[in-house]
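Below is structure-v1.cif, which holds mmCIF, C-alpha atoms.
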data_protein
#
loop_
_atom_site.label_atom_id
_atom_site.label_comp_id
_atom_site.auth_asym_id
_atom_site.auth_seq_id
_atom_site.Cartn_x
_atom_site.Cartn_y
_atom_site.Cartn_z
CA MET A 12 55.93 14.78 25.75
CA ALA A 13 53.67 13.71 22.88
CA GLU A 14 56.67 12.75 20.73
CA ASN A 15 58.18 10.70 23.54
CA PHE A 16 54.84 8.95 24.11
CA VAL A 17 54.49 8.00 20.44
CA ALA A 18 58.06 6.75 20.38
CA THR A 19 57.38 4.66 23.48
CA ILE A 20 54.27 3.11 21.92
CA HIS A 21 56.31 1.95 18.94
CA ARG A 22 59.22 0.48 20.87
CA PRO A 23 59.75 -3.21 20.04
CA PRO A 24 57.48 -5.37 22.24
CA HIS A 25 60.39 -7.50 23.47
CA LEU A 26 61.69 -4.49 25.41
CA PHE A 27 58.72 -4.76 27.79
CA ARG A 28 57.32 -7.43 30.05
CA MET A 29 54.53 -9.32 28.28
CA GLU A 30 51.69 -7.50 30.01
CA GLU A 31 53.34 -4.12 29.39
CA ALA A 32 53.88 -4.93 25.72
CA GLU A 33 50.20 -5.69 25.22
CA TYR A 34 49.13 -2.34 26.70
CA TYR A 35 51.55 -0.47 24.45
CA LYS A 36 50.43 -2.47 21.43
CA MET A 37 46.81 -1.65 22.23
CA ALA A 38 47.54 2.06 22.64
CA GLY A 39 49.33 2.09 19.31
CA VAL A 40 46.58 0.46 17.22
CA GLU A 41 43.17 0.73 18.89
CA ASP A 42 42.19 3.95 17.12
CA ARG A 43 42.75 2.30 13.72
CA MET A 44 42.62 -1.51 13.92
CA TRP A 45 39.42 -3.05 12.54
CA TYR A 46 38.65 -5.03 15.70
CA TYR A 47 38.77 -2.08 18.09
CA ARG A 48 36.92 0.21 15.70
CA SER A 49 34.14 -2.37 15.53
CA LEU A 50 34.09 -3.11 19.27
CA HIS A 51 33.97 0.58 20.14
CA GLY A 52 31.25 1.09 17.55
CA HIS A 53 29.14 -1.64 19.14
CA CYS A 54 29.59 -0.12 22.59
CA HIS A 55 28.70 3.37 21.39
CA ARG A 56 25.58 2.19 19.54
CA LEU A 57 24.26 0.20 22.50
CA LEU A 58 24.99 2.95 25.02
CA ARG A 59 23.52 5.73 22.90
CA GLN A 60 20.32 3.77 22.32
CA ARG A 61 19.86 3.62 26.09
CA CYS A 62 21.48 6.79 27.42
CA GLY A 63 20.66 9.23 24.64
CA THR A 64 22.86 12.21 23.85
CA GLY A 65 22.28 14.19 27.03
CA PRO A 66 24.19 14.07 30.33
CA CYS A 67 25.09 10.53 31.40
CA ASP A 68 27.46 9.34 34.12
CA LEU A 69 29.36 6.47 32.48
CA LEU A 70 32.10 4.19 33.81
CA ASP A 71 34.50 2.38 31.51
CA ALA A 72 35.40 -0.48 33.85
CA GLY A 73 38.73 -1.86 32.66
CA CYS A 74 39.50 1.01 30.31
CA GLY A 75 42.94 -0.24 29.26
CA SER A 76 44.82 2.44 27.32
CA GLY A 77 41.74 4.63 26.91
CA GLY A 78 40.68 4.01 23.31
CA LEU A 79 36.98 3.55 24.03
CA ILE A 80 36.90 6.69 26.16
CA ARG A 81 38.53 8.65 23.32
CA ARG A 82 35.93 7.37 20.87
CA LEU A 83 32.98 8.13 23.14
CA GLN A 84 34.22 11.59 24.11
CA GLY A 85 34.49 12.54 20.47
CA LEU A 86 30.94 11.37 19.74
CA GLU A 87 29.07 12.21 22.96
CA PRO A 88 30.45 15.41 24.52
CA ALA A 89 27.63 15.58 27.10
CA TRP A 90 28.53 12.24 28.67
CA ARG A 91 30.58 12.37 31.88
CA ILE A 92 32.97 9.47 31.50
CA THR A 93 35.23 7.96 34.15
CA GLY A 94 37.83 5.30 33.42
CA LEU A 95 39.08 2.60 35.76
CA ASP A 96 41.82 0.02 35.39
CA VAL A 97 43.80 -2.15 37.78
CA SER A 98 47.06 -1.60 35.86
CA PRO A 99 49.08 1.52 36.73
CA LEU A 100 50.55 1.48 33.21
CA ALA A 101 47.10 1.32 31.60
CA CYS A 102 45.94 4.24 33.74
CA THR A 103 48.98 6.28 32.72
CA LEU A 104 48.37 5.58 29.03
CA ALA A 105 44.66 6.36 29.32
CA ARG A 106 45.29 9.65 31.11
CA ARG A 107 47.67 10.72 28.34
CA ARG A 108 45.27 9.73 25.58
CA CYS A 109 41.90 11.08 26.77
CA ARG A 110 40.36 13.92 28.76
CA ALA A 111 38.64 11.95 31.49
CA PRO A 112 39.38 11.08 35.11
CA VAL A 113 41.00 7.65 35.27
CA VAL A 114 41.06 5.79 38.58
CA GLU A 115 43.37 2.93 39.48
CA GLY A 116 41.34 0.10 40.97
CA SER A 117 39.82 -3.33 40.53
CA VAL A 118 36.50 -4.14 38.88
CA THR A 119 35.88 -6.66 41.67
CA GLY A 120 36.05 -3.90 44.29
CA LEU A 121 35.03 -0.65 42.61
CA PRO A 122 36.18 2.44 44.55
CA PHE A 123 32.87 4.24 43.98
CA ALA A 124 29.73 4.78 45.99
CA GLY A 125 26.62 2.80 45.21
CA ALA A 126 24.33 4.13 42.48
CA ALA A 127 27.08 6.38 41.12
CA PHE A 128 26.57 5.72 37.39
CA ASP A 129 23.84 5.63 34.77
CA ALA A 130 25.74 3.09 32.68
CA ILE A 131 28.84 0.90 32.89
CA VAL A 132 30.71 -0.58 29.94
CA SER A 133 33.28 -3.34 30.40
CA ALA A 134 34.83 -4.39 27.11
CA ASP A 135 37.15 -7.42 27.12
CA VAL A 136 37.76 -7.43 30.86
CA LEU A 137 35.77 -10.24 32.50
CA TYR A 138 37.83 -12.92 30.78
CA GLU A 139 40.87 -11.86 32.84
CA LEU A 140 39.16 -12.52 36.17
CA ASP A 141 39.08 -15.56 38.43
CA GLU A 142 35.57 -14.54 39.53
CA PRO A 143 33.73 -12.51 36.86
CA ALA A 144 30.56 -12.79 38.95
CA ALA A 145 32.18 -10.58 41.62
CA ALA A 146 32.74 -7.82 39.07
CA LEU A 147 29.16 -8.03 37.83
CA ARG A 148 27.86 -7.69 41.39
CA GLU A 149 29.99 -4.56 41.78
CA PHE A 150 28.64 -3.17 38.52
CA HIS A 151 25.13 -3.78 39.82
CA ARG A 152 25.92 -2.00 43.11
CA CYS A 153 27.36 1.06 41.38
CA LEU A 154 24.53 1.49 38.87
CA ARG A 155 21.45 3.57 39.54
CA PRO A 156 18.08 1.81 39.27
CA GLY A 157 17.29 1.50 35.59
CA GLY A 158 21.00 1.75 34.73
CA TRP A 159 22.66 -0.26 31.98
CA ILE A 160 25.60 -2.65 31.76
CA VAL A 161 27.31 -3.40 28.43
CA VAL A 162 29.90 -6.19 28.40
CA ASN A 163 32.00 -7.88 25.74
CA VAL A 164 33.85 -11.17 26.24
CA PRO A 165 35.63 -13.75 24.06
CA ALA A 166 33.63 -16.81 23.03
CA TYR A 167 34.20 -20.59 23.03
CA ARG A 168 36.62 -22.39 25.31
CA TRP A 169 37.74 -24.58 22.41
CA LEU A 170 39.10 -21.45 20.68
CA TRP A 171 41.79 -21.00 23.36
CA SER A 172 45.11 -20.16 21.69
CA TYR A 173 48.39 -18.24 21.84
CA HIS A 174 46.31 -15.04 21.76
CA ASP A 175 44.67 -15.88 25.11
CA VAL A 176 48.05 -16.59 26.68
CA ALA A 177 49.41 -13.25 25.47
CA VAL A 178 46.47 -11.19 26.76
CA ARG A 179 46.27 -13.08 30.08
CA SER A 180 42.91 -14.74 29.47
CA LYS A 181 41.55 -16.96 32.20
CA HIS A 182 38.28 -17.85 30.55
CA ARG A 183 36.35 -17.86 27.28
CA PHE A 184 32.57 -17.85 27.53
CA MET A 185 29.43 -19.45 26.15
CA ARG A 186 26.44 -17.20 25.46
CA GLN A 187 24.20 -18.95 28.01
CA GLU A 188 26.95 -18.60 30.59
CA VAL A 189 27.00 -14.83 30.05
CA ALA A 190 23.22 -14.69 30.43
CA ASP A 191 23.38 -16.72 33.65
CA LEU A 192 26.10 -14.49 35.12
CA LEU A 193 24.21 -11.28 34.37
CA THR A 194 20.94 -12.66 35.69
CA ALA A 195 22.57 -13.90 38.89
CA ALA A 196 24.08 -10.44 39.40
CA GLY A 197 20.60 -8.92 39.33
CA PHE A 198 20.34 -7.72 35.72
CA ALA A 199 17.47 -8.19 33.31
CA MET A 200 18.95 -9.40 30.00
CA GLU A 201 18.17 -7.33 26.94
CA VAL A 202 20.85 -8.22 24.38
CA ASN A 203 23.00 -11.35 24.19
CA THR A 204 24.62 -11.99 20.81
CA HIS A 205 27.78 -13.21 19.19
CA TRP A 206 29.68 -11.00 16.76
CA ASN A 207 32.87 -11.35 14.71
CA ALA A 208 30.72 -13.89 12.89
CA LEU A 209 31.71 -13.26 9.26
CA PRO A 210 35.49 -13.40 9.86
CA PHE A 211 35.07 -16.35 12.23
CA PRO A 212 36.45 -19.04 9.86
CA LEU A 213 39.58 -16.92 9.31
CA ILE A 214 40.04 -16.44 13.06
CA VAL A 215 39.71 -20.17 13.71
CA ALA A 216 42.15 -20.98 10.90
CA LYS A 217 44.74 -18.49 12.14
CA ARG A 218 44.59 -19.58 15.76
CA LYS A 219 44.14 -23.32 15.32
CA LEU A 220 45.53 -24.35 11.93
CA PHE A 221 48.22 -21.84 11.00
CA ARG A 222 49.63 -20.81 14.36
CA LYS A 223 53.40 -20.49 14.60
CA ALA A 224 55.87 -20.80 17.41
CA GLY A 225 56.43 -17.40 18.94
CA ASP A 226 53.00 -16.01 18.05
CA THR A 227 51.88 -13.36 20.51
CA SER A 228 48.49 -11.66 20.44
CA ASP A 229 46.53 -10.72 17.33
CA VAL A 230 46.49 -7.10 18.49
CA LYS A 231 48.17 -5.41 15.51
CA LEU A 232 47.46 -3.43 12.39
CA TYR A 233 47.21 -5.57 9.26
CA PRO A 234 48.08 -4.43 5.71
CA ALA A 235 45.64 -1.81 4.43
CA PRO A 236 43.73 -4.18 2.07
CA VAL A 237 43.23 -6.68 4.92
CA GLU A 238 42.06 -3.96 7.31
CA ALA A 239 39.65 -2.69 4.65
CA GLY A 240 38.28 -6.19 4.07
CA PHE A 241 37.65 -6.77 7.77
CA ARG A 242 36.01 -3.35 8.09
CA GLY A 243 33.68 -4.27 5.24
CA LEU A 244 32.65 -7.47 7.02
CA MET A 245 32.12 -5.52 10.23
CA ALA A 246 29.90 -3.00 8.40
CA VAL A 247 27.62 -5.87 7.39
CA GLU A 248 27.52 -7.20 10.95
CA HIS A 249 26.73 -3.78 12.40
CA ALA A 250 23.94 -3.23 9.89
CA TRP A 251 22.33 -6.56 10.83
CA LEU A 252 22.51 -5.81 14.55
CA ARG A 253 21.10 -2.30 14.07
CA LEU A 254 18.09 -3.90 12.36
CA GLY A 255 17.53 -6.04 15.47
CA GLY A 256 19.22 -9.18 14.18
CA ARG A 257 21.48 -11.45 16.21
CA TRP A 258 24.48 -13.63 15.38
CA ALA A 259 24.40 -17.26 16.56
CA TRP A 260 28.17 -17.69 16.19
CA GLY A 261 31.32 -15.57 16.34
CA SER A 262 34.50 -15.15 18.35
CA SER A 263 33.02 -12.51 20.70
CA ILE A 264 29.88 -12.15 22.81
CA LEU A 265 28.19 -8.80 23.39
CA ALA A 266 25.58 -8.47 26.12
CA VAL A 267 23.41 -5.74 27.64
CA GLY A 268 21.59 -5.88 30.95
CA GLN A 269 19.49 -3.45 32.96
CA LYS A 270 19.38 -2.95 36.70
CA LEU A 271 15.72 -3.05 37.63
CA GLU A 272 14.23 -1.41 40.71
CA GLY A 273 14.07 -3.90 43.55
CA ARG A 274 16.05 -6.66 41.85
CA ALA A 275 19.02 -7.68 43.99
CA ALA A 276 22.10 -9.64 43.08
CA TYR A 277 22.16 -13.29 44.10
CA HIS A 278 24.80 -14.24 46.66
CA ASP A 279 25.83 -17.78 47.53
#
Transcribe the structure of this file into structure tokens.
Amino acid sequence: MAENFVATIHRPPHLFRMEEAEYYKMAGVEDRMWYYRSLHGHCHRLLRQRCGTGPCDLLDAGCGSGGLIRRLQGLEPAWRITGLDVSPLACTLARRRCRAPVVEGSVTGLPFAGAAFDAIVSADVLYELDEPAAALREFHRCLRPGGWIVVNVPAYRWLWSYHDVAVRSKHRFMRQEVADLLTAAGFAMEVNTHWNALPFPLIVAKRKLFRKAGDTSDVKLYPAPVEAGFRGLMAVEHAWLRLGGRWAWGSSILAVGQKLEGRAAYHD
């Protein structure tokens, strides 16, 4: 079965529908590609600072092909992690790639009881939604008082490109917009920063100046020297954030909020 799965991951993308191809591409590269290694590192650092290394009920809301769960399970064996994704294909891939229960369902209508989790992480999910505020209200409902939400979203509407089309983006965010959404959902903001700041000029150039007809997403492994260069830039960014610094620019936004006792989500 493992050999067949690996062979399936590496089938040419044109043999799948666009959304299927992106899930298979993600499954094939997210353990090694510089972007996912950095994103998962950010999520782990922020969650560990707040949850510690002991037992923690954690939901990966929009788990995709399971890469973040794999990373966290290897680093935090005491955490009890559940995955959720709306895509049946993503759930199948995640179940094959990690040792965690994976539930098929929507982040805008979580199939869990209230106060079920100590923390929820939702990495690169809200941008696919017509109403990201509905998902944040659900995260608030399903967190215990004092629980934590960690979210990552793409930044800047003007950076819209072929990549957004390929990954089914509906929205790119501004940092204040993220803060407003979390606050309206009932969270107290703790972290709200850009990242992917040092490679930002290269990202802008690739997506705006040197794009080519037929470009799909930027989800792929680059030549080893390029991957190493990006990882070096990410090491600098991580070091700055660990010291308490923030980035005022970058292609992604990383935010952390806490559900406080007695604070309710705002409803129109």
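If you measure from each of A:Cys153, A:Gly77, A:Asp141, A:Ala72 to Ser117 (chain A) using all atoms listed in the file, the closest one turns out to be A:Ala72.
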### Query
Neighbours of region 217-234 of chain A within 9 Å (all atoms listed in the file; same-chain residues fewer than 3 positions away dropped), as a list in words?
Glu33, Lys36, Met37, Gly39, Val40, Glu41, Arg43, Met44, Trp45, Tyr46, Leu170, Trp171, Ser172, Tyr173, His174, Asp175, Val176, Ala177, Val178, Pro212, Leu213, Ile214, Val237, Glu238 and Ala239 of chain A
### Task
Would you mind telling me which residue in A:Val97, A:Leu104, A:Ala127, A:Ala250 lies nearest to Glu139 (chain A) when using all atoms listed in the file?
A:Val97
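Residue selection for this entry, given the PyMOL selection byres ((chain A and resi 131) around 10), comprises Leu58, Asp68, Leu69, Leu70, Asp71, Ala72, Ile92, Thr93, Phe128, Asp129, Ala130, Val132, Ser133, Ala134, Phe150, His151, Cys153, Leu154, Gly158, Trp159, Ile160, Val161 and Val162 of chain A.
Residue nearest Val247 (chain A), chosen from A:Ser180, A:Asn207, A:Gln60, A:Ser98 and counting all atoms listed in the file: A:Asn207.
Between CA of Tyr167 (chain A) and CA of Phe211 (chain A) the interatomic distance comes to 11.6 Å.
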### Task
Would you kindly translate the PyMOL selection byres ((chain A and resi 81) around 12) into the concrete residues it picks from this file, as a PyMOL selection string?
chain A and resi 38+41-42+47-48+51-52+55+71+74-80+82-88+90+92-94+104-111
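With distances taken over all atoms listed in the file, A:His53 is the one residue among A:Arg152, A:Lys181, A:His53, A:Arg168 lying closest to Arg253 (chain A).
Applied to this file, the PyMOL selection byres ((chain A and resi 260) around 10) selects Ala166, Tyr167, Arg186, Thr204, His205, Trp206, Asn207, Ala208, Leu209, Phe211, Arg257, Trp258, Ala259, Gly261, Ser262, Ser263 and Ile264 of chain A.
CA of Ala144 (chain A) lies 12.5 Å from CA of His182 (chain A).
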Padding 4 Å on every side, please: axis-aligned box over the listed atoms of region 131-138 of chain A, centre and edge lengths to one decimal in Å, as lines of an AutoDock Vina configuration file.
center_x = 33.3
center_y = -6.0
center_z = 30.0
size_x = 17.0
size_y = 21.8
size_z = 13.8
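With all atoms listed in the file as the basis for measurement, A:Ala89 is the residue among A:Leu244, A:Leu50, A:Ala89, A:Leu140 that approaches Gly65 (chain A) most closely.
Considering only C-alpha atoms, the residue among A:Ala126, A:Ala196, A:Cys54, A:Val114 positioned nearest to Gly157 (chain A) is A:Ala126.
Across the structure, CA of Arg91 (chain A) and CA of Arg148 (chain A) are spaced 22.4 Å apart.
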Atoms added to region 236-250 of chain A (N, CA and C atoms), reported as a PDB file, in the coordinates of the input:
ATOM      1  N   PRO A 236      44.816  -3.430   2.711  1.00  0.00           N
ATOM      2  CA  PRO A 236      43.730  -4.180   2.070  1.00  0.00           C
ATOM      3  C   PRO A 236      43.042  -5.155   3.033  1.00  0.00           C
ATOM      4  N   VAL A 237      43.811  -5.750   3.942  1.00  0.00           N
ATOM      5  CA  VAL A 237      43.230  -6.680   4.920  1.00  0.00           C
ATOM      6  C   VAL A 237      42.347  -5.916   5.899  1.00  0.00           C
ATOM      7  N   GLU A 238      42.865  -4.782   6.406  1.00  0.00           N
ATOM      8  CA  GLU A 238      42.060  -3.960   7.310  1.00  0.00           C
ATOM      9  C   GLU A 238      40.759  -3.539   6.630  1.00  0.00           C
ATOM     10  N   ALA A 239      40.843  -3.127   5.380  1.00  0.00           N
ATOM     11  CA  ALA A 239      39.650  -2.690   4.650  1.00  0.00           C
ATOM     12  C   ALA A 239      38.654  -3.838   4.484  1.00  0.00           C
ATOM     13  N   GLY A 240      39.159  -5.040   4.217  1.00  0.00           N
ATOM     14  CA  GLY A 240      38.280  -6.190   4.070  1.00  0.00           C
ATOM     15  C   GLY A 240      37.550  -6.518   5.361  1.00  0.00           C
ATOM     16  N   PHE A 241      38.283  -6.504   6.472  1.00  0.00           N
ATOM     17  CA  PHE A 241      37.650  -6.770   7.770  1.00  0.00           C
ATOM     18  C   PHE A 241      36.630  -5.678   8.109  1.00  0.00           C
ATOM     19  N   ARG A 242      36.955  -4.433   7.803  1.00  0.00           N
ATOM     20  CA  ARG A 242      36.010  -3.350   8.090  1.00  0.00           C
ATOM     21  C   ARG A 242      34.730  -3.522   7.270  1.00  0.00           C
ATOM     22  N   GLY A 243      34.863  -4.004   6.050  1.00  0.00           N
ATOM     23  CA  GLY A 243      33.680  -4.270   5.240  1.00  0.00           C
ATOM     24  C   GLY A 243      32.800  -5.342   5.862  1.00  0.00           C
ATOM     25  N   LEU A 244      33.425  -6.416   6.346  1.00  0.00           N
ATOM     26  CA  LEU A 244      32.650  -7.470   7.020  1.00  0.00           C
ATOM     27  C   LEU A 244      31.981  -6.928   8.280  1.00  0.00           C
ATOM     28  N   MET A 245      32.694  -6.092   9.022  1.00  0.00           N
ATOM     29  CA  MET A 245      32.120  -5.520  10.230  1.00  0.00           C
ATOM     30  C   MET A 245      30.953  -4.587   9.912  1.00  0.00           C
ATOM     31  N   ALA A 246      31.015  -3.872   8.793  1.00  0.00           N
ATOM     32  CA  ALA A 246      29.900  -3.000   8.400  1.00  0.00           C
ATOM     33  C   ALA A 246      28.631  -3.814   8.189  1.00  0.00           C
ATOM     34  N   VAL A 247      28.766  -4.992   7.588  1.00  0.00           N
ATOM     35  CA  VAL A 247      27.620  -5.870   7.390  1.00  0.00           C
ATOM     36  C   VAL A 247      27.079  -6.338   8.738  1.00  0.00           C
ATOM     37  N   GLU A 248      27.960  -6.743   9.625  1.00  0.00           N
ATOM     38  CA  GLU A 248      27.520  -7.200  10.950  1.00  0.00           C
ATOM     39  C   GLU A 248      26.792  -6.099  11.715  1.00  0.00           C
ATOM     40  N   HIS A 249      27.354  -4.891  11.688  1.00  0.00           N
ATOM     41  CA  HIS A 249      26.730  -3.780  12.400  1.00  0.00           C
ATOM     42  C   HIS A 249      25.347  -3.490  11.836  1.00  0.00           C
ATOM     43  N   ALA A 250      25.231  -3.511  10.519  1.00  0.00           N
ATOM     44  CA  ALA A 250      23.940  -3.230   9.890  1.00  0.00           C
ATOM     45  C   ALA A 250      22.880  -4.245  10.345  1.00  0.00           C
TER      46      ALA A 250
END
